[in-house]
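Following: one structure in structure tokens, then a few remarks.
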Amino acid sequence: MTLASQDDILDRIRLPLRLTWAGLWCERLVRAFWPLWSLAIATLSALAFGVQDWLPLEAAWVGLLSILAGAVWALVTGLSRFRKPRRTDALERLDSALPGHPISALTDTQAIGIGDPASAAVWEAHRARMAARAAQAKAVSPDLRLARRDPYALRYVALTALVIALMFGSLWRVTTVAGLTPGGAVDLASGPVWEGWAQPPAYTGKPSLYLNDIRTEDLTLPVGTRVLVRLYGDVGALTLAETVSGRTDPQPASAPSQDFTVTRSGKISIDGPGGREWEIRALPDAPPSISPTGQMTRGPKGQLQQAFQANDDYGVAAGQATIALDLAAVDRRFGLGVDPEPRDPVVLDLPMPISGNRKDFSETLVDDLSKHAFANLPVTVTLSVTDADGQTGTSEAFKTVLPGKRFFDPLAAALIELRRDLLWNRSNAPDTVQILKAVTYKPEGFIRSEKAYLKLRVLTRDLDTQAATLSTEARDQMADALWDIALLIEEGDLASALARLQRAQDRLDEAIRNGADKSEIDELMAEMKDALNEYMRQLAQQAPKDGEQQLSQDMQGLQMSADQLQQMLDKLQELMEQGKTAEAQQLMEALRQLMQNMQVVQGEGNSGGQGNTQMQGLADMLREQQELSDDSFRELQDQFSTQQGQGGQGGQQGEGSGPGSGQKPGQSGQGEAQPDSRSLAERQGDLGDRLGNMQNLPGAGSDAGEEGRRQLDRAGRAMDDAEQALRDGDLSGALDKQAEAMDAMREGMRSLGEALAEEQGRQPGERQGGDQIGQADPNSQRDPLGRNTGQVGRIGSDHNMLQGEDVYRRAQELLDEIRRRSGDQSRPESELEYLRRLLERF
């Protein structure tokens, strides 16, 4: 290639070459002189903040000399490191960025085969290919990264300081450096000037004010604002007067530096050439306020839950809840008859918003005080909050019963009561020993857990030994031991199985959120299924003890079959395989709530249970009571509909359509015959008489049998009250009593079933047909929602109900309808009260 062709190639790459060359200049300048410009930016930031005005003169001079020395060092070091980039350096960098280094290839000459035409042709083809590559050259970006040279990111610190200085400082303050030089004071003396700043307290979140820029005469400042004024020039040329600080020993009015705090409204004036005056309105910091929202409630595991609302003009800093014993409201019987030992109130820190505005917010205090001595006793609760200025706002003390964990096993509940008496006063120790000895005298058939029995015997022996001289530390240790034994009796092995299931759920939930791969998800899914199977097995074993007690207020009456539970797990795995993490997390949370509130229903088998006609009769009466309650509810609805349809026409009803008549909606009384022509009150009275005439009930003489009879007596009294309410036309009150009767009948049937099982040689609660979750009687009648009633009067089986998403859709529709009706204020108050009870229950 001739020289002209080489120039032609260089002409083609002139622009990329120049840009690459400029990039080399930038790269080498930045690498060599970054300490110099970082120091310059940091110095400018400090001067814009007015550091020179705050420091003593000697310190300011030392700082300036240090900065100059550093600048000289940075300049010398940069010059020694800097190498001027040449055009050939840019050409080499551009060439190295191209495949095959085509620019270098164009400057080469053929070394062998010069006289060979074929070799020359190959050489020319090679140069033509390299020329084409060189023509496609693009500018190479410079490498401006300084991370290795500046590992502490000092350049970014300097830039950040400059941005803050530009936002909150003033570049005009840089000119005040001249006052530090010789002769600078003379220049200022020729024209007196002043500067002033107002800095509100940091907790107010308000910015600092540069008083020189404030032209208005009225100025509002928060109480606690710090005012700084600098007077320059001859002493006495400018003076300052103020009435906002209330100082008893103010500085001289002509002092060059004035520093005071605003505590009240008043005036600030600067007298002299260029002076100014402001009317200051001091804005006081109002104390915070707090109030409880609603009543204190009990969580699923006994935690207290108290919602509250707090507000402050600048923001709440902290809050506390003080819980003290309400001794006047305590039922002073049994172990609480003696005076309690002094005990300090419980102080809990209130939760504060982690982010966001704390001026006005709502939060919920959640804590577990089940093991405290005040648990399940009347207490007074006082909420208080404090702002950043130290002011405190306190709510009115309200009275409540401190929530705690509930124990449904009679023995566990008795041990918790003994523990309460022991914590109340150590003088109850001898009585506690006597009761424990009586409890452990004949444990056969009473204390199911041998481990719990042995622990109880050891505790009884230790407490008997130390009862006369029981110390506080020993009392607390024994109280903890009683708590552990009660938990062992109440939960047994179910607690460990539940803990394993919760760990598996937490791990799977975390894996879903973090996007784990399919193999990890499958492994965690298998682990959760194993833990779930173990938990269900333990739950089934625990069921005879727990019976039909509700494990959660929020999931009252929830029942689910094993097939439906497996369907939920399959659906969860399907969502994870499809990558629908949001839906999988929602289903995971629903499954978590389900397992926390699960209850087990025992199968009844195909027969009534070896001639158990009494139990079958009770089951039939429970179903009839449910039907009677449904009819009462329909009559209440019909009454409301009739009142709304008749409006102001007197509201009279025809014969047989009033409360207690038994007529159902949609039936006029003149058409087809009623299935039961008796009134509701007559049917309720007949049902109560049948329950009172029940004889030869199982379990005579046993604890379970006696408990069953007590519950049936309670059910009979509730039926009598319901009958009287029906005769008085109080349908709403009758529904409440009917619900109480059904609840008592279920509890009585559970206890009688345990007694019957013991008589037949089975474990308490064991049935023919095995255990299953939510088993329903296929021959039973349906309830008003279309569900089949369960065995032994239990309601809630979902047999033949809608499947899949229709279940949730139908449930949502029912809830929406109830909410809509409860919001209609034109409805009678009795109906609204009943609808509110439905919403609270479900």
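Residues in the structure tokens are named by chain (A, B, ... in the order shown) and by number from 1 within that chain; ligands are numbered from 1 in the order shown.
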
Would you list the contacts of range 306-315 of chain A as JSON, numbers by chain, taking every protein, DNA or RNA residue within 6 Å and counting only C-alpha atoms, but skipping same-chain residues closer than 6 positions in sequence?
-> {"A": [204, 288, 289, 290, 291, 292, 293, 296, 358, 359, 360, 361, 362, 363, 364, 365]}

Can you write just those residues out, C-alpha atoms, as a compact mmCIF listing (two decimals), in the first residue's frame?
# COMPACT_ATOMS: atom_id res chain seq x y z
CA THR A 204 -39.07 19.77 63.93
CA PRO A 288 -48.39 14.52 72.13
CA SER A 289 -51.66 12.67 72.65
CA ILE A 290 -52.66 9.02 72.54
CA SER A 291 -55.93 7.15 72.86
CA PRO A 292 -56.87 3.45 72.69
CA THR A 293 -58.88 2.27 69.72
CA MET A 296 -58.21 -5.08 74.27
CA ARG A 358 -45.09 9.82 63.11
CA LYS A 359 -47.27 12.91 63.41
CA ASP A 360 -50.50 10.91 63.24
CA PHE A 361 -50.51 7.13 63.07
CA SER A 362 -52.31 4.02 64.26
CA GLU A 363 -50.61 0.87 65.50
CA THR A 364 -51.47 -2.26 67.48
CA LEU A 365 -49.64 -3.39 70.59

Need to verify the contact set: Leu348 in chain A, 8 Å, only C-alpha atoms, exclusion of same-chain residues closer than 4 positions in sequence. Can you return it as a short mmCIF file (atom, residue, chain, number, x, y, z; two decimals) with N, CA, C and O atoms, in the first residue's frame?
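Saved file selection06.cif follows:
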data_model
loop_
_atom_site.label_atom_id
_atom_site.label_comp_id
_atom_site.auth_asym_id
_atom_site.auth_seq_id
_atom_site.Cartn_x
_atom_site.Cartn_y
_atom_site.Cartn_z
N GLN A 320 -45.29 4.03 75.72
CA GLN A 320 -45.32 2.93 76.66
C GLN A 320 -46.75 2.63 77.07
O GLN A 320 -47.62 3.50 77.04
N ALA A 321 -46.97 1.39 77.43
CA ALA A 321 -48.25 0.95 78.01
C ALA A 321 -47.97 0.43 79.41
O ALA A 321 -47.13 -0.47 79.59
N THR A 322 -48.64 1.01 80.39
CA THR A 322 -48.45 0.62 81.79
C THR A 322 -49.68 -0.17 82.24
O THR A 322 -50.81 0.34 82.18
#

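One distance worth recording is that between CA of Gly692 in chain A and CA of Asp713 in chain A, which is 7.8 Å.
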
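Going from CA of Ser427 in chain A to CA of Tyr441 in chain A covers 23.0 Å.
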
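The shell of residues at most 7 Å from Val381 in chain A, with only C-alpha atoms counted and near chain neighbours (fewer than 4 positions) removed, consists of Ala321, Thr322, Ile323, Ala324, Ala397, Phe398 and Lys399 of chain A.
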
Can you spit out the residues from that selection as a JSON list (two decimals), in the first residue's frame, using N, CA and C atoms?
[["chain", "number", "residue", "atom", "x", "y", "z"],
["A", 321, "ALA", "N", -46.97, 1.39, 77.43],
["A", 321, "ALA", "CA", -48.25, 0.95, 78.01],
["A", 321, "ALA", "C", -47.97, 0.43, 79.41],
["A", 322, "THR", "N", -48.64, 1.01, 80.39],
["A", 322, "THR", "CA", -48.45, 0.62, 81.79],
["A", 322, "THR", "C", -49.68, -0.17, 82.24],
["A", 323, "ILE", "N", -49.45, -1.40, 82.67],
["A", 323, "ILE", "CA", -50.53, -2.30, 83.07],
["A", 323, "ILE", "C", -50.40, -2.57, 84.56],
["A", 324, "ALA", "N", -51.39, -2.14, 85.33],
["A", 324, "ALA", "CA", -51.38, -2.31, 86.79],
["A", 324, "ALA", "C", -52.59, -3.12, 87.21],
["A", 397, "ALA", "N", -56.81, 6.04, 81.92],
["A", 397, "ALA", "CA", -56.69, 4.62, 82.24],
["A", 397, "ALA", "C", -58.03, 3.92, 81.98],
["A", 398, "PHE", "N", -57.95, 2.79, 81.31],
["A", 398, "PHE", "CA", -59.17, 2.01, 81.09],
["A", 398, "PHE", "C", -59.01, 0.64, 81.72],
["A", 399, "LYS", "N", -60.15, 0.08, 82.10],
["A", 399, "LYS", "CA", -60.16, -1.20, 82.82],
["A", 399, "LYS", "C", -60.46, -2.33, 81.84]]

Using only C-alpha atoms, determine which residues lie at most 9 Å from Lys301 in chain A, disregarding the query and same-chain residues fewer than 3 positions distant; provide the list as a ChimeraX atom specification.
-> /A:298,368,404-406,552

Writer output for current selection, all heavy atoms, as a compact mmCIF listing (two decimals), in the first residue's frame:
# COMPACT_ATOMS: atom_id res chain seq x y z
N ARG A 298 -57.97 -10.74 72.68
CA ARG A 298 -57.07 -11.88 72.87
C ARG A 298 -56.71 -12.45 71.51
O ARG A 298 -57.57 -12.66 70.65
CB ARG A 298 -57.76 -12.95 73.71
CG ARG A 298 -56.89 -14.16 74.05
CD ARG A 298 -57.75 -15.33 74.51
NE ARG A 298 -58.72 -14.95 75.51
CZ ARG A 298 -58.51 -14.97 76.81
NH1 ARG A 298 -57.35 -15.39 77.26
NH2 ARG A 298 -59.45 -14.61 77.65
N ASP A 368 -47.33 -11.03 74.62
CA ASP A 368 -47.81 -12.24 75.30
C ASP A 368 -47.46 -12.15 76.78
O ASP A 368 -46.28 -12.25 77.15
CB ASP A 368 -47.20 -13.49 74.67
CG ASP A 368 -47.85 -14.77 75.19
OD1 ASP A 368 -48.73 -14.66 76.06
OD2 ASP A 368 -47.50 -15.86 74.71
N GLY A 404 -54.79 -13.81 78.40
CA GLY A 404 -53.76 -14.83 78.60
C GLY A 404 -54.14 -16.10 77.87
O GLY A 404 -55.26 -16.23 77.34
N LYS A 405 -53.24 -17.04 77.83
CA LYS A 405 -53.52 -18.30 77.17
C LYS A 405 -54.62 -19.04 77.90
O LYS A 405 -54.64 -19.10 79.13
CB LYS A 405 -52.25 -19.16 77.12
CG LYS A 405 -52.45 -20.50 76.43
CD LYS A 405 -51.16 -21.29 76.37
CE LYS A 405 -51.38 -22.67 75.78
NZ LYS A 405 -51.94 -22.62 74.41
N ARG A 406 -55.54 -19.61 77.11
CA ARG A 406 -56.64 -20.37 77.69
C ARG A 406 -56.31 -21.85 77.69
O ARG A 406 -55.78 -22.38 76.71
CB ARG A 406 -57.93 -20.12 76.92
CG ARG A 406 -58.45 -18.70 77.03
CD ARG A 406 -59.82 -18.56 76.42
NE ARG A 406 -59.82 -18.87 75.00
CZ ARG A 406 -60.90 -18.90 74.25
NH1 ARG A 406 -62.07 -18.67 74.78
NH2 ARG A 406 -60.82 -19.17 72.96
N SER A 552 -59.92 -21.62 67.89
CA SER A 552 -59.72 -20.23 67.48
C SER A 552 -61.05 -19.53 67.41
O SER A 552 -62.03 -20.09 66.96
CB SER A 552 -59.02 -20.15 66.12
OG SER A 552 -59.01 -18.83 65.64

Using only C-alpha atoms, which residues sit within 6 Å of range 476-489 of chain A once same-chain residues fewer than 3 positions away are excluded, as a list in words?
-> Ala412, Arg419, Ala452, Glu473 and Gly492 of chain A

Output all heavy atoms of each residue in that selection to a file, as a PDB file, in the first residue's frame.
ATOM      1  N   ALA A 412     -55.152 -29.117  83.428  1.00  0.00           N
ATOM      2  CA  ALA A 412     -54.240 -28.026  83.076  1.00  0.00           C
ATOM      3  C   ALA A 412     -54.782 -26.689  83.589  1.00  0.00           C
ATOM      4  O   ALA A 412     -54.019 -25.868  84.126  1.00  0.00           O
ATOM      5  CB  ALA A 412     -54.037 -27.967  81.557  1.00  0.00           C
ATOM      6  N   ARG A 419     -51.100 -22.018  90.055  1.00  0.00           N
ATOM      7  CA  ARG A 419     -49.946 -21.161  89.760  1.00  0.00           C
ATOM      8  C   ARG A 419     -50.286 -19.693  90.016  1.00  0.00           C
ATOM      9  O   ARG A 419     -49.475 -18.943  90.568  1.00  0.00           O
ATOM     10  CB  ARG A 419     -49.535 -21.360  88.297  1.00  0.00           C
ATOM     11  CG  ARG A 419     -48.409 -20.476  87.826  1.00  0.00           C
ATOM     12  CD  ARG A 419     -48.117 -20.736  86.355  1.00  0.00           C
ATOM     13  NE  ARG A 419     -47.033 -19.890  85.871  1.00  0.00           N
ATOM     14  CZ  ARG A 419     -47.187 -18.662  85.418  1.00  0.00           C
ATOM     15  NH1 ARG A 419     -48.404 -18.131  85.381  1.00  0.00           N
ATOM     16  NH2 ARG A 419     -46.157 -17.941  85.005  1.00  0.00           N
ATOM     17  N   ALA A 452     -46.038 -36.003  82.801  1.00  0.00           N
ATOM     18  CA  ALA A 452     -46.608 -34.897  83.559  1.00  0.00           C
ATOM     19  C   ALA A 452     -46.844 -35.295  85.015  1.00  0.00           C
ATOM     20  O   ALA A 452     -46.629 -34.485  85.930  1.00  0.00           O
ATOM     21  CB  ALA A 452     -47.918 -34.439  82.913  1.00  0.00           C
ATOM     22  N   GLU A 473     -37.336 -16.310  94.468  1.00  0.00           N
ATOM     23  CA  GLU A 473     -36.736 -17.036  93.344  1.00  0.00           C
ATOM     24  C   GLU A 473     -37.299 -18.440  93.236  1.00  0.00           C
ATOM     25  O   GLU A 473     -37.626 -18.911  92.132  1.00  0.00           O
ATOM     26  CB  GLU A 473     -35.210 -17.092  93.514  1.00  0.00           C
ATOM     27  CG  GLU A 473     -34.509 -15.755  93.406  1.00  0.00           C
ATOM     28  CD  GLU A 473     -34.670 -14.905  94.664  1.00  0.00           C
ATOM     29  OE1 GLU A 473     -35.174 -15.442  95.681  1.00  0.00           O
ATOM     30  OE2 GLU A 473     -34.309 -13.718  94.611  1.00  0.00           O
ATOM     31  N   GLY A 492     -49.514 -31.760  75.014  1.00  0.00           N
ATOM     32  CA  GLY A 492     -48.835 -33.036  74.819  1.00  0.00           C
ATOM     33  C   GLY A 492     -47.799 -32.952  73.714  1.00  0.00           C
ATOM     34  O   GLY A 492     -47.073 -31.973  73.576  1.00  0.00           O
TER      35      GLY A 492
END

Could you work out how far CA of Ala375 in chain A lies from CA of Pro342 in chain A, giving the answer in Å with one decimal?
-> 15.7 Å

Backbone-only DSSP, helix (DSSP H, G or I) members of range 304-506 of chain A, as a ChimeraX atom specification | /A:327-329,334-336,410-424,426-439,450-466,472-491,494-506
